[in-house]
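S.K.: Structure file my_file_24.tsv, TSV, C-alpha atoms (C1' of nucleotides), is pasted below:
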```
chain	number	residue	atom	x	y	z
A	1	MET	CA	-14.61	16.29	-26.87
A	2	GLU	CA	-14.94	14.17	-23.78
A	3	ASP	CA	-12.80	11.88	-25.87
A	4	GLU	CA	-10.08	14.53	-26.23
A	5	ILE	CA	-9.58	14.86	-22.53
A	6	LEU	CA	-9.54	11.11	-22.04
A	7	LYS	CA	-6.68	11.01	-24.48
A	8	ALA	CA	-4.98	13.78	-22.55
A	9	LYS	CA	-5.29	11.75	-19.38
A	10	ASN	CA	-3.83	8.67	-20.98
A	11	HIS	CA	-0.98	10.64	-22.45
A	12	PHE	CA	-0.21	12.02	-19.03
A	13	ILE	CA	-0.39	8.59	-17.43
A	14	GLN	CA	1.94	7.17	-20.01
A	15	GLY	CA	4.36	9.95	-19.26
A	16	MET	CA	4.31	9.15	-15.56
A	17	SER	CA	4.86	5.53	-16.43
A	18	ARG	CA	7.96	6.38	-18.39
A	19	ILE	CA	9.38	8.64	-15.73
A	20	SER	CA	8.81	5.99	-13.12
A	21	ASN	CA	10.69	3.54	-15.23
A	22	PHE	CA	13.54	5.99	-15.75
A	23	TRP	CA	13.93	6.46	-12.02
A	24	GLY	CA	14.15	2.73	-11.51
A	25	PHE	CA	10.61	2.05	-10.40
A	26	PRO	CA	8.13	-0.26	-12.14
A	27	LYS	CA	6.30	1.32	-15.03
A	28	ALA	CA	2.96	0.33	-13.58
A	29	MET	CA	3.79	2.19	-10.41
A	30	GLY	CA	4.08	5.48	-12.22
A	31	ALA	CA	0.96	4.83	-14.23
A	32	ILE	CA	-0.98	4.07	-11.09
A	33	TYR	CA	0.21	7.23	-9.43
A	34	GLY	CA	-0.79	9.15	-12.56
A	35	ALA	CA	-4.29	7.74	-12.46
A	36	ILE	CA	-4.74	8.54	-8.80
A	37	TYR	CA	-3.21	11.96	-9.27
A	38	LEU	CA	-5.63	12.83	-12.06
A	39	SER	CA	-8.74	11.60	-10.36
A	40	PRO	CA	-11.06	14.15	-8.77
A	41	GLU	CA	-12.52	11.38	-6.63
A	42	LEU	CA	-10.77	8.86	-4.46
A	43	LEU	CA	-10.07	5.70	-6.40
A	44	SER	CA	-10.66	2.15	-5.29
A	45	LEU	CA	-8.37	-0.68	-6.24
A	46	ASP	CA	-10.79	-1.97	-8.83
A	47	GLU	CA	-11.18	1.44	-10.39
A	48	ILE	CA	-7.42	1.68	-10.72
A	49	VAL	CA	-7.36	-1.73	-12.36
A	50	GLU	CA	-9.90	-0.48	-14.85
A	51	GLN	CA	-8.20	2.82	-15.58
A	52	VAL	CA	-4.64	1.60	-15.86
A	53	GLY	CA	-5.25	-1.80	-17.35
A	54	VAL	CA	-3.09	-3.98	-15.15
A	55	THR	CA	-4.20	-6.77	-12.90
A	56	LYS	CA	-5.44	-6.54	-9.35
A	57	GLY	CA	-2.33	-8.24	-8.03
A	58	SER	CA	-0.08	-5.74	-9.69
A	59	VAL	CA	-2.09	-2.79	-8.47
A	60	SER	CA	-2.15	-4.23	-4.99
A	61	THR	CA	1.61	-4.47	-4.71
A	62	ASN	CA	2.43	-1.28	-6.57
A	63	VAL	CA	-0.02	0.80	-4.62
A	64	ARG	CA	1.47	-0.50	-1.43
A	65	GLN	CA	4.90	0.59	-2.62
A	66	LEU	CA	3.48	4.00	-3.48
A	67	GLU	CA	2.09	4.26	-0.02
A	68	ARG	CA	5.41	3.30	1.52
A	69	LEU	CA	7.02	6.14	-0.40
A	70	GLY	CA	4.30	8.49	0.75
A	71	MET	CA	3.12	9.14	-2.78
A	72	VAL	CA	-0.46	8.09	-2.12
A	73	HIS	CA	-2.54	7.69	0.99
A	74	LYS	CA	-5.06	5.07	1.83
A	75	LYS	CA	-8.37	6.27	3.07
A	76	LEU	CA	-11.04	4.03	4.46
A	77	GLN	CA	-14.61	5.14	4.08
A	78	ILE	CA	-16.83	4.10	6.94
A	79	GLY	CA	-19.43	1.60	5.94
A	80	ASP	CA	-17.51	0.62	2.82
A	81	ARG	CA	-15.16	-2.27	2.65
A	82	LYS	CA	-13.06	-0.89	-0.15
A	83	ASP	CA	-9.76	0.93	0.29
A	84	TYR	CA	-9.65	4.29	-1.40
A	85	TYR	CA	-6.57	6.14	-2.47
A	86	LEU	CA	-5.75	9.77	-2.82
A	87	PRO	CA	-2.55	11.27	-4.15
A	88	GLU	CA	0.05	13.15	-2.20
A	89	THR	CA	0.30	16.41	-4.14
A	90	ASP	CA	3.16	17.95	-2.21
A	91	PHE	CA	5.98	16.98	-4.51
A	92	TRP	CA	8.68	18.16	-2.23
A	93	LYS	CA	7.45	15.80	0.43
A	94	ILE	CA	7.57	13.01	-2.12
A	95	ILE	CA	11.08	13.83	-3.25
A	96	LYS	CA	12.30	13.90	0.30
A	97	GLY	CA	10.61	10.62	1.01
A	98	ILE	CA	12.37	8.98	-1.88
A	99	LEU	CA	15.71	10.53	-1.02
A	100	ARG	CA	15.34	9.27	2.47
A	101	GLU	CA	14.13	5.78	1.66
A	102	ARG	CA	16.28	4.92	-1.24
A	103	GLU	CA	19.09	7.27	-2.04
A	104	LYS	CA	20.29	7.83	1.47
A	105	SER	CA	20.81	4.18	2.24
A	106	GLU	CA	22.53	3.57	-1.05
A	107	PHE	CA	24.84	6.51	-0.52
A	108	ASP	CA	25.67	5.30	2.94
A	109	LEU	CA	26.52	1.90	1.60
A	110	ALA	CA	28.72	3.35	-1.12
A	111	LEU	CA	30.55	5.47	1.38
A	112	ARG	CA	30.99	2.56	3.72
A	113	THR	CA	32.42	0.37	0.97
A	114	VAL	CA	35.00	2.97	0.06
A	115	ASP	CA	35.87	3.45	3.70
A	116	GLU	CA	36.39	-0.27	4.08
A	117	SER	CA	38.56	-0.46	0.99
A	118	LEU	CA	40.71	2.32	2.32
A	119	GLU	CA	41.06	0.59	5.65
A	120	MET	CA	42.11	-2.58	3.93
A	121	VAL	CA	44.79	-0.65	2.11
A	122	GLN	CA	46.04	0.91	5.33
A	123	GLU	CA	46.46	-2.53	6.78
A	124	GLY	CA	48.47	-3.46	3.72
A	125	GLY	CA	51.61	-2.45	5.55
A	126	GLU	CA	54.50	-0.21	4.64
A	127	GLU	CA	54.14	2.71	2.31
A	128	ASN	CA	55.18	1.46	-1.06
A	129	GLU	CA	54.33	3.35	-4.20
A	130	LYS	CA	51.19	1.41	-4.96
A	131	ILE	CA	49.75	1.85	-1.52
A	132	ILE	CA	50.29	5.58	-1.70
A	133	PHE	CA	48.58	5.66	-5.05
A	134	TYR	CA	45.62	3.64	-3.84
A	135	LYS	CA	45.21	5.84	-0.81
A	136	GLU	CA	45.11	8.89	-2.97
A	137	ARG	CA	42.59	7.55	-5.46
A	138	MET	CA	40.33	5.93	-2.92
A	139	GLY	CA	40.60	9.01	-0.77
A	140	ALA	CA	39.36	11.17	-3.62
A	141	MET	CA	36.40	8.86	-4.17
A	142	GLN	CA	35.66	8.91	-0.47
A	143	SER	CA	35.53	12.64	-0.41
A	144	LEU	CA	33.18	12.68	-3.40
A	145	PHE	CA	30.75	10.45	-1.59
A	146	LYS	CA	31.02	12.48	1.55
A	147	THR	CA	30.16	15.58	-0.39
A	148	LEU	CA	27.18	13.95	-2.04
A	149	ASP	CA	26.01	12.45	1.20
A	150	ASN	CA	26.24	15.83	2.79
A	151	LEU	CA	24.27	17.36	-0.02
A	152	VAL	CA	21.47	14.85	0.35
A	153	SER	CA	21.32	15.50	4.07
A	154	THR	CA	21.10	19.18	3.39
A	155	LEU	CA	18.28	18.73	0.93
A	156	LEU	CA	16.44	16.56	3.40
A	157	ALA	CA	16.60	19.36	5.89
A	158	LEU	CA	15.02	21.85	3.52
A	159	GLU	CA	11.49	22.85	4.25
A	160	ASN	CA	10.04	23.23	0.79
A	161	LEU	CA	10.51	23.07	-2.90
A	162	VAL	CA	10.66	26.80	-3.25
A	163	SER	CA	14.03	26.71	-1.54
A	164	LEU	CA	15.26	24.85	-4.54
A	165	SER	CA	14.18	27.61	-6.87
A	166	THR	CA	16.00	30.04	-4.67
A	167	LEU	CA	19.03	27.93	-5.31
A	168	LYS	CA	19.48	29.29	-8.76
A	169	ASN	CA	19.88	32.81	-7.50
A	170	LEU	CA	22.13	31.76	-4.69
A	171	LEU	CA	24.38	29.85	-6.98
A	172	ASP	CA	24.41	32.64	-9.51
A	173	LYS	CA	25.65	34.96	-6.83
A	174	GLU	CA	28.22	32.45	-5.73
A	175	GLU	CA	29.56	32.11	-9.22
A	176	ARG	CA	30.06	35.80	-9.54
A	177	LYS	CA	32.38	35.88	-6.55
B	1	MET	CA	50.47	-8.28	2.34
B	2	GLU	CA	50.36	-7.79	-1.38
B	3	ASP	CA	47.32	-9.97	-1.03
B	4	GLU	CA	45.66	-7.52	1.37
B	5	ILE	CA	45.75	-4.69	-1.09
B	6	LEU	CA	44.51	-6.90	-3.91
B	7	LYS	CA	41.49	-7.61	-1.76
B	8	ALA	CA	41.08	-3.90	-1.15
B	9	LYS	CA	41.09	-3.28	-4.87
B	10	ASN	CA	38.47	-5.93	-5.50
B	11	HIS	CA	36.30	-4.62	-2.71
B	12	PHE	CA	36.48	-1.18	-4.22
B	13	ILE	CA	35.70	-2.47	-7.70
B	14	GLN	CA	32.71	-4.36	-6.39
B	15	GLY	CA	31.50	-1.21	-4.77
B	16	MET	CA	31.74	0.69	-8.03
B	17	SER	CA	29.88	-2.11	-9.70
B	18	ARG	CA	27.03	-1.82	-7.26
B	19	ILE	CA	26.81	1.94	-7.51
B	20	SER	CA	26.78	1.71	-11.26
B	21	ASN	CA	23.91	-0.70	-11.07
B	22	PHE	CA	22.02	1.54	-8.68
B	23	TRP	CA	22.30	4.46	-11.06
B	24	GLY	CA	20.88	2.41	-13.87
B	25	PHE	CA	24.09	1.48	-15.64
B	26	PRO	CA	25.40	-2.03	-16.22
B	27	LYS	CA	27.27	-3.50	-13.32
B	28	ALA	CA	30.24	-4.33	-15.51
B	29	MET	CA	30.52	-0.70	-16.51
B	30	GLY	CA	31.11	0.41	-12.94
B	31	ALA	CA	33.54	-2.41	-12.35
B	32	ILE	CA	35.51	-1.48	-15.44
B	33	TYR	CA	35.68	2.13	-14.39
B	34	GLY	CA	36.85	1.00	-10.97
B	35	ALA	CA	39.65	-1.04	-12.47
B	36	ILE	CA	40.83	1.78	-14.70
B	37	TYR	CA	40.50	4.26	-11.85
B	38	LEU	CA	42.70	2.19	-9.58
B	39	SER	CA	45.39	1.46	-12.10
B	40	PRO	CA	48.62	3.45	-11.90
B	41	GLU	CA	49.30	2.53	-15.52
B	42	LEU	CA	47.08	2.86	-18.55
B	43	LEU	CA	45.11	-0.31	-19.11
B	44	SER	CA	44.58	-2.14	-22.37
B	45	LEU	CA	41.37	-3.89	-23.20
B	46	ASP	CA	42.83	-7.29	-22.49
B	47	GLU	CA	44.18	-6.18	-19.17
B	48	ILE	CA	40.74	-4.98	-18.22
B	49	VAL	CA	39.30	-8.33	-19.25
B	50	GLU	CA	41.77	-10.00	-16.96
B	51	GLN	CA	41.23	-7.71	-13.98
B	52	VAL	CA	37.47	-7.52	-14.09
B	53	GLY	CA	36.68	-10.99	-15.34
B	54	VAL	CA	34.18	-10.26	-18.09
B	55	THR	CA	34.57	-11.01	-21.76
B	56	LYS	CA	36.24	-8.90	-24.37
B	57	GLY	CA	32.94	-8.12	-26.02
B	58	SER	CA	31.48	-6.81	-22.82
B	59	VAL	CA	34.51	-4.69	-22.05
B	60	SER	CA	34.52	-3.35	-25.57
B	61	THR	CA	30.96	-2.07	-25.41
B	62	ASN	CA	31.09	-0.92	-21.81
B	63	VAL	CA	34.31	0.93	-22.21
B	64	ARG	CA	32.88	2.71	-25.22
B	65	GLN	CA	29.91	3.78	-23.13
B	66	LEU	CA	32.29	5.01	-20.43
B	67	GLU	CA	34.12	7.02	-23.02
B	68	ARG	CA	30.89	8.53	-24.32
B	69	LEU	CA	30.11	9.67	-20.80
B	70	GLY	CA	33.58	11.11	-20.47
B	71	MET	CA	34.46	8.79	-17.62
B	72	VAL	CA	37.51	7.33	-19.29
B	73	HIS	CA	39.70	8.44	-22.14
B	74	LYS	CA	41.27	6.39	-24.86
B	75	LYS	CA	44.93	6.91	-25.44
B	76	LEU	CA	46.79	5.44	-28.35
B	77	GLN	CA	50.46	4.76	-27.86
B	78	ILE	CA	52.52	5.18	-30.97
B	79	GLY	CA	53.97	1.97	-32.26
B	80	ASP	CA	51.43	-0.08	-30.33
B	81	ARG	CA	48.22	-1.32	-31.79
B	82	LYS	CA	46.40	-1.53	-28.50
B	83	ASP	CA	44.03	1.06	-27.16
B	84	TYR	CA	44.87	2.21	-23.67
B	85	TYR	CA	42.49	3.75	-21.20
B	86	LEU	CA	42.95	6.23	-18.43
B	87	PRO	CA	40.29	7.42	-16.00
B	88	GLU	CA	38.77	10.84	-15.83
B	89	THR	CA	39.39	11.81	-12.22
B	90	ASP	CA	37.50	15.07	-12.20
B	91	PHE	CA	34.23	13.84	-10.75
B	92	TRP	CA	32.40	17.04	-11.28
B	93	LYS	CA	33.10	16.82	-14.97
B	94	ILE	CA	31.73	13.29	-14.92
B	95	ILE	CA	28.60	14.27	-13.07
B	96	LYS	CA	27.94	17.07	-15.47
B	97	GLY	CA	28.51	14.77	-18.40
B	98	ILE	CA	25.93	12.33	-17.10
B	99	LEU	CA	23.46	15.04	-16.26
B	100	ARG	CA	23.84	16.41	-19.74
B	101	GLU	CA	23.69	13.12	-21.60
B	102	ARG	CA	21.04	11.30	-19.75
B	103	GLU	CA	19.10	13.27	-17.22
B	104	LYS	CA	18.65	16.37	-19.27
B	105	SER	CA	17.05	14.59	-22.19
B	106	GLU	CA	14.80	12.58	-19.95
B	107	PHE	CA	13.71	15.69	-18.10
B	108	ASP	CA	13.02	17.44	-21.36
B	109	LEU	CA	10.91	14.55	-22.50
B	110	ALA	CA	8.96	14.47	-19.27
B	111	LEU	CA	8.32	18.16	-19.48
B	112	ARG	CA	7.25	17.90	-23.09
B	113	THR	CA	4.82	15.11	-22.34
B	114	VAL	CA	3.14	17.11	-19.61
B	115	ASP	CA	3.00	20.15	-21.89
B	116	GLU	CA	1.33	18.09	-24.56
B	117	SER	CA	-1.18	16.65	-22.14
B	118	LEU	CA	-2.09	20.12	-20.99
B	119	GLU	CA	-2.53	21.26	-24.57
B	120	MET	CA	-4.80	18.36	-25.28
B	121	VAL	CA	-6.90	19.34	-22.31
B	122	GLN	CA	-7.10	22.94	-23.49
B	123	GLU	CA	-8.43	21.73	-26.80
B	124	GLY	CA	-11.03	19.78	-24.90
B	125	GLY	CA	-13.39	22.72	-25.20
B	126	GLU	CA	-15.46	24.59	-22.66
B	127	GLU	CA	-14.48	24.88	-19.07
B	128	ASN	CA	-16.32	22.17	-17.25
B	129	GLU	CA	-15.35	21.10	-13.79
B	130	LYS	CA	-13.19	18.24	-14.91
B	131	ILE	CA	-11.20	20.33	-17.34
B	132	ILE	CA	-10.47	22.88	-14.67
B	133	PHE	CA	-9.33	20.12	-12.37
B	134	TYR	CA	-7.07	18.58	-14.97
B	135	LYS	CA	-5.54	21.93	-15.80
B	136	GLU	CA	-4.73	22.50	-12.19
B	137	ARG	CA	-3.18	19.12	-11.55
B	138	MET	CA	-1.26	18.94	-14.78
B	139	GLY	CA	-0.16	22.51	-14.29
B	140	ALA	CA	1.30	21.67	-10.90
B	141	MET	CA	3.21	18.76	-12.40
B	142	GLN	CA	4.43	20.98	-15.18
B	143	SER	CA	5.82	23.48	-12.78
B	144	LEU	CA	7.58	20.74	-10.84
B	145	PHE	CA	9.35	19.62	-13.96
B	146	LYS	CA	10.22	23.15	-14.89
B	147	THR	CA	11.79	23.66	-11.50
B	148	LEU	CA	13.80	20.49	-11.76
B	149	ASP	CA	14.82	21.24	-15.29
B	150	ASN	CA	15.95	24.62	-14.19
B	151	LEU	CA	17.91	23.15	-11.35
B	152	VAL	CA	19.73	20.78	-13.66
B	153	SER	CA	20.60	23.64	-15.98
B	154	THR	CA	21.94	25.58	-13.06
B	155	LEU	CA	24.09	22.70	-11.92
B	156	LEU	CA	25.41	22.27	-15.43
B	157	ALA	CA	26.51	25.86	-15.39
B	158	LEU	CA	28.50	25.45	-12.19
B	159	GLU	CA	32.22	25.42	-12.53
B	160	ASN	CA	33.25	22.88	-9.94
B	161	LEU	CA	32.26	20.47	-7.27
B	162	VAL	CA	33.33	22.76	-4.52
B	163	SER	CA	30.38	24.96	-5.33
B	164	LEU	CA	28.23	22.08	-4.21
B	165	SER	CA	29.88	21.99	-0.82
B	166	THR	CA	29.28	25.67	-0.51
B	167	LEU	CA	25.65	24.87	-1.00
B	168	LYS	CA	25.21	23.60	2.49
B	169	ASN	CA	26.24	26.91	3.96
B	170	LEU	CA	24.17	28.86	1.51
B	171	LEU	CA	21.09	26.82	2.24
B	172	ASP	CA	21.68	26.97	5.94
B	173	LYS	CA	21.69	30.71	5.73
B	174	GLU	CA	18.58	30.66	3.60
B	175	GLU	CA	16.77	28.53	6.13
B	176	ARG	CA	17.52	30.96	8.90
B	177	LYS	CA	15.80	33.80	7.11
C	1	DT	C1'	50.46	-12.48	-49.09
C	2	DA	C1'	49.71	-15.41	-45.03
C	3	DG	C1'	49.56	-14.96	-40.36
C	4	DT	C1'	48.74	-12.55	-36.06
C	5	DA	C1'	47.12	-9.16	-32.84
C	6	DT	C1'	43.50	-6.35	-31.72
C	7	DG	C1'	38.85	-4.54	-31.33
C	8	DT	C1'	33.73	-4.94	-32.80
C	9	DT	C1'	29.49	-7.04	-33.81
C	10	DT	C1'	26.05	-10.48	-33.35
C	11	DA	C1'	23.19	-14.42	-32.08
C	12	DG	C1'	21.78	-16.52	-28.45
C	13	DT	C1'	21.81	-17.48	-23.23
C	14	DT	C1'	21.21	-16.07	-18.63
C	15	DC	C1'	19.51	-13.27	-15.11
C	16	DT	C1'	16.42	-10.15	-13.09
C	17	DT	C1'	12.31	-7.74	-12.76
C	18	DT	C1'	7.62	-7.14	-13.38
C	19	DC	C1'	3.48	-8.72	-14.62
C	20	DT	C1'	-0.61	-12.11	-14.90
C	21	DA	C1'	-3.80	-15.60	-13.39
C	22	DA	C1'	-5.50	-17.90	-10.01
C	23	DA	C1'	-5.65	-19.53	-5.41
C	24	DC	C1'	-6.14	-17.82	-0.98
C	25	DA	C1'	-7.47	-15.11	3.27
C	26	DT	C1'	-10.56	-12.10	5.51
C	27	DA	C1'	-14.49	-10.09	6.80
C	28	DC	C1'	-18.93	-8.48	5.88
C	29	DT	C1'	-24.07	-9.67	4.52
C	30	DA	C1'	-28.17	-12.11	4.18
D	1	DT	C1'	-23.49	-20.47	8.08
D	2	DA	C1'	-23.18	-19.98	3.05
D	3	DG	C1'	-22.23	-16.62	-0.09
D	4	DT	C1'	-20.04	-12.45	-1.73
D	5	DA	C1'	-16.92	-8.59	-2.00
D	6	DT	C1'	-12.45	-7.21	-1.34
D	7	DG	C1'	-7.47	-7.32	-0.99
D	8	DT	C1'	-3.07	-10.30	-0.83
D	9	DT	C1'	0.04	-13.82	-1.99
D	10	DT	C1'	2.19	-16.96	-5.07
D	11	DA	C1'	3.75	-19.68	-8.95
D	12	DG	C1'	4.94	-19.12	-13.17
D	13	DA	C1'	5.08	-16.42	-17.80
D	14	DA	C1'	6.82	-12.56	-20.30
D	15	DA	C1'	9.91	-8.97	-21.17
D	16	DG	C1'	14.09	-6.63	-21.04
D	17	DA	C1'	18.92	-5.97	-20.05
D	18	DA	C1'	23.42	-7.53	-19.98
D	19	DC	C1'	26.60	-10.89	-20.71
D	20	DT	C1'	29.16	-14.79	-23.32
D	21	DA	C1'	31.16	-17.13	-27.14
D	22	DA	C1'	32.32	-16.96	-31.41
D	23	DA	C1'	32.44	-15.04	-35.91
D	24	DC	C1'	34.00	-11.08	-38.09
D	25	DA	C1'	36.70	-6.89	-39.60
D	26	DT	C1'	40.87	-4.41	-39.73
D	27	DA	C1'	45.40	-3.46	-39.91
D	28	DC	C1'	49.96	-4.46	-38.82
D	29	DT	C1'	54.16	-7.87	-39.32
D	30	DA	C1'	57.12	-11.01	-41.33
```
Translate the structure of the given file into structure tokens.

M.R.:
Amino acid sequence: MEDEILKAKNHFIQGMSRISNFWGFPKAMGAIYGAIYLSPELLSLDEIVEQVGVTKGSVSTNVRQLERLGMVHKKLQIGDRKDYYLPETDFWKIIKGILREREKSEFDLALRTVDESLEMVQEGGEENEKIIFYKERMGAMQSLFKTLDNLVSTLLALENLVSLSTLKNLLDKEERK
Amino acid sequence: MEDEILKAKNHFIQGMSRISNFWGFPKAMGAIYGAIYLSPELLSLDEIVEQVGVTKGSVSTNVRQLERLGMVHKKLQIGDRKDYYLPETDFWKIIKGILREREKSEFDLALRTVDESLEMVQEGGEENEKIIFYKERMGAMQSLFKTLDNLVSTLLALENLVSLSTLKNLLDKEERK
DNA sequence: TAGTATGTTTAGTTCTTTCTAAACATACTA
DNA sequence: TAGTATGTTTAGAAAGAACTAAACATACTA
């Protein structure tokens, strides 16, 4: 009985671990978030170690990364030397944090690289066939990245996750035009 | 002069390589796509080897993966034993292909795992405090995944990339409400 | 049929990331 | 101040992914 729900918790944590991995984060990071997310009480570092089954060192670094992404928050209890962690439960906030931290900079870099390549082609001199071709192809890629970059910026400006649900309707309407 | 635009090509290819890596694909895969994308003529496997500087084996497997994702297409010339490749230049098609192949299945799995965890909790018996808490937290996660899953489905139904650009305006309007 | 051109598979190496174990730093407690 | 509780850093081990080199398969050519 009590055993059933422990299994449920572990199943959930494993799921988080896998998702984390899929999104390019360490597996342990997802597992740790899962444990904190499913804990009614604030968790200390040692309690996380116990629940997730990785070492203190690993928890220490992963939890710091989680904090950087705004996925958990550290809370210090007065008169207690331990750090306690509680989960951020506003997923939209989390998604935006990750978009901002990671995706945005990578998109910018991608865009910049294409820009640079195009510039290099421009400097390549007179308009022979190849140069025209390169300009066209690179130009198309550039505009893809601009579109995506724009999209990310737009998402970042959104206030809440509900807006995303609204999206479906909006897009449905758009399609019907 | 000719040298300038060779450098531009390599810069571009390197960029593709990096992006590929960021999205969780092999670096070589992005580089190979870059080379095919920037070639005015169809490329044979050996020509790719030469341009990208990885081995035949690597090109063989990576190019197959690219084909599976619909990012390049194989074209057989009659009276020529070689396989030739040309790029898919419709990015929206590519994005949808990737969403369908990779993201969708991973989202489904994530959703399923959370569903299962919730079920396990339900079977955990009478409604004590902890069970109620778990139901709430897992339920919130479930609805996040449903929203995302829904969003992906919606995107997959879109006809073209331009719709995405339209998004900004749509969302802007929505925000102003 | 022997030889050649092409693409695929495979065994093993290399590279990168993440984790562990243990040393370390810090600061509180007696 | 010595001892203890806590978190961090680090050196190295383990694991996983991707690549290479070479063997292999296939099918065309002479």

S.K.: Please identify every residue of chain A that has at least one atom no more than 6 Å from any atom of chain B, counting only C-alpha atoms, and report them as JSON, numbers by chain.

M.R.: {"A": [1, 4, 5, 8, 12, 117, 120, 121, 124]}

S.K.: Output as an NGL selection string the set of chain C residues within 12 Å of chain B, with distances taken over all atoms listed in the file.

M.R.: :C and (5-10)

S.K.: Kindly give the distance, in Å, that separates atom C1' of DA17 of chain D and atom CA of Met29 of chain A, rounded to a single decimal.

M.R.: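 Between atom C1' of DA17 of chain D and atom CA of Met29 of chain A the gap works out to 19.7 Å.
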
S.K.: Figure out the distance between atom CA of Lys96 of chain B and atom CA of Leu156 of chain B, please, to one decimal in Å.

M.R.: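 Going from atom CA of Leu156 of chain B over to atom CA of Lys96 of chain B, I get 5.8 Å.
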
S.K.: Compute the chain D side of the contact with chain B at 12 Å, counting all atoms listed in the file, and hand it back as a ChimeraX atom specification.

M.R.: /D:17-22,26-29

S.K.: Restricted to C-alpha atoms (C1' of nucleotides), what would the selected residues look like written as a PDB file, keeping the file's coordinate frame?

M.R.:
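Output file result27.pdb is given in full below:
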```
ATOM      1  C1'  DA D  17      18.920  -5.970 -20.050  1.00  0.00           C
ATOM      2  C1'  DA D  18      23.420  -7.530 -19.980  1.00  0.00           C
ATOM      3  C1'  DC D  19      26.600 -10.890 -20.710  1.00  0.00           C
ATOM      4  C1'  DT D  20      29.160 -14.790 -23.320  1.00  0.00           C
ATOM      5  C1'  DA D  21      31.160 -17.130 -27.140  1.00  0.00           C
ATOM      6  C1'  DA D  22      32.320 -16.960 -31.410  1.00  0.00           C
ATOM      7  C1'  DT D  26      40.870  -4.410 -39.730  1.00  0.00           C
ATOM      8  C1'  DA D  27      45.400  -3.460 -39.910  1.00  0.00           C
ATOM      9  C1'  DC D  28      49.960  -4.460 -38.820  1.00  0.00           C
ATOM     10  C1'  DT D  29      54.160  -7.870 -39.320  1.00  0.00           C
TER      11       DT D  29
END
```

S.K.: Quote the spacing between atom CA of Leu86 of chain B and atom CA of Asn21 of chain B in Å to one decimal place.

M.R.: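 Atom CA of Asn21 of chain B lies 21.6 Å from atom CA of Leu86 of chain B.
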
S.K.: My list of candidates is B:Ile98, B:Val59, B:Asp149, B:Arg64. Which is closest to Glu47 of chain B when distances are computed with only C-alpha atoms?

M.R.: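 Of all the options, B:Val59 lies closest to Glu47 of chain B.
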
S.K.: Of the candidates C:DA22, C:DA2, C:DA11, C:DA30, which shows the shortest atom-to-atom distance to DG12 of chain D, using only C-alpha atoms (C1' of nucleotides)?

M.R.: C:DA22
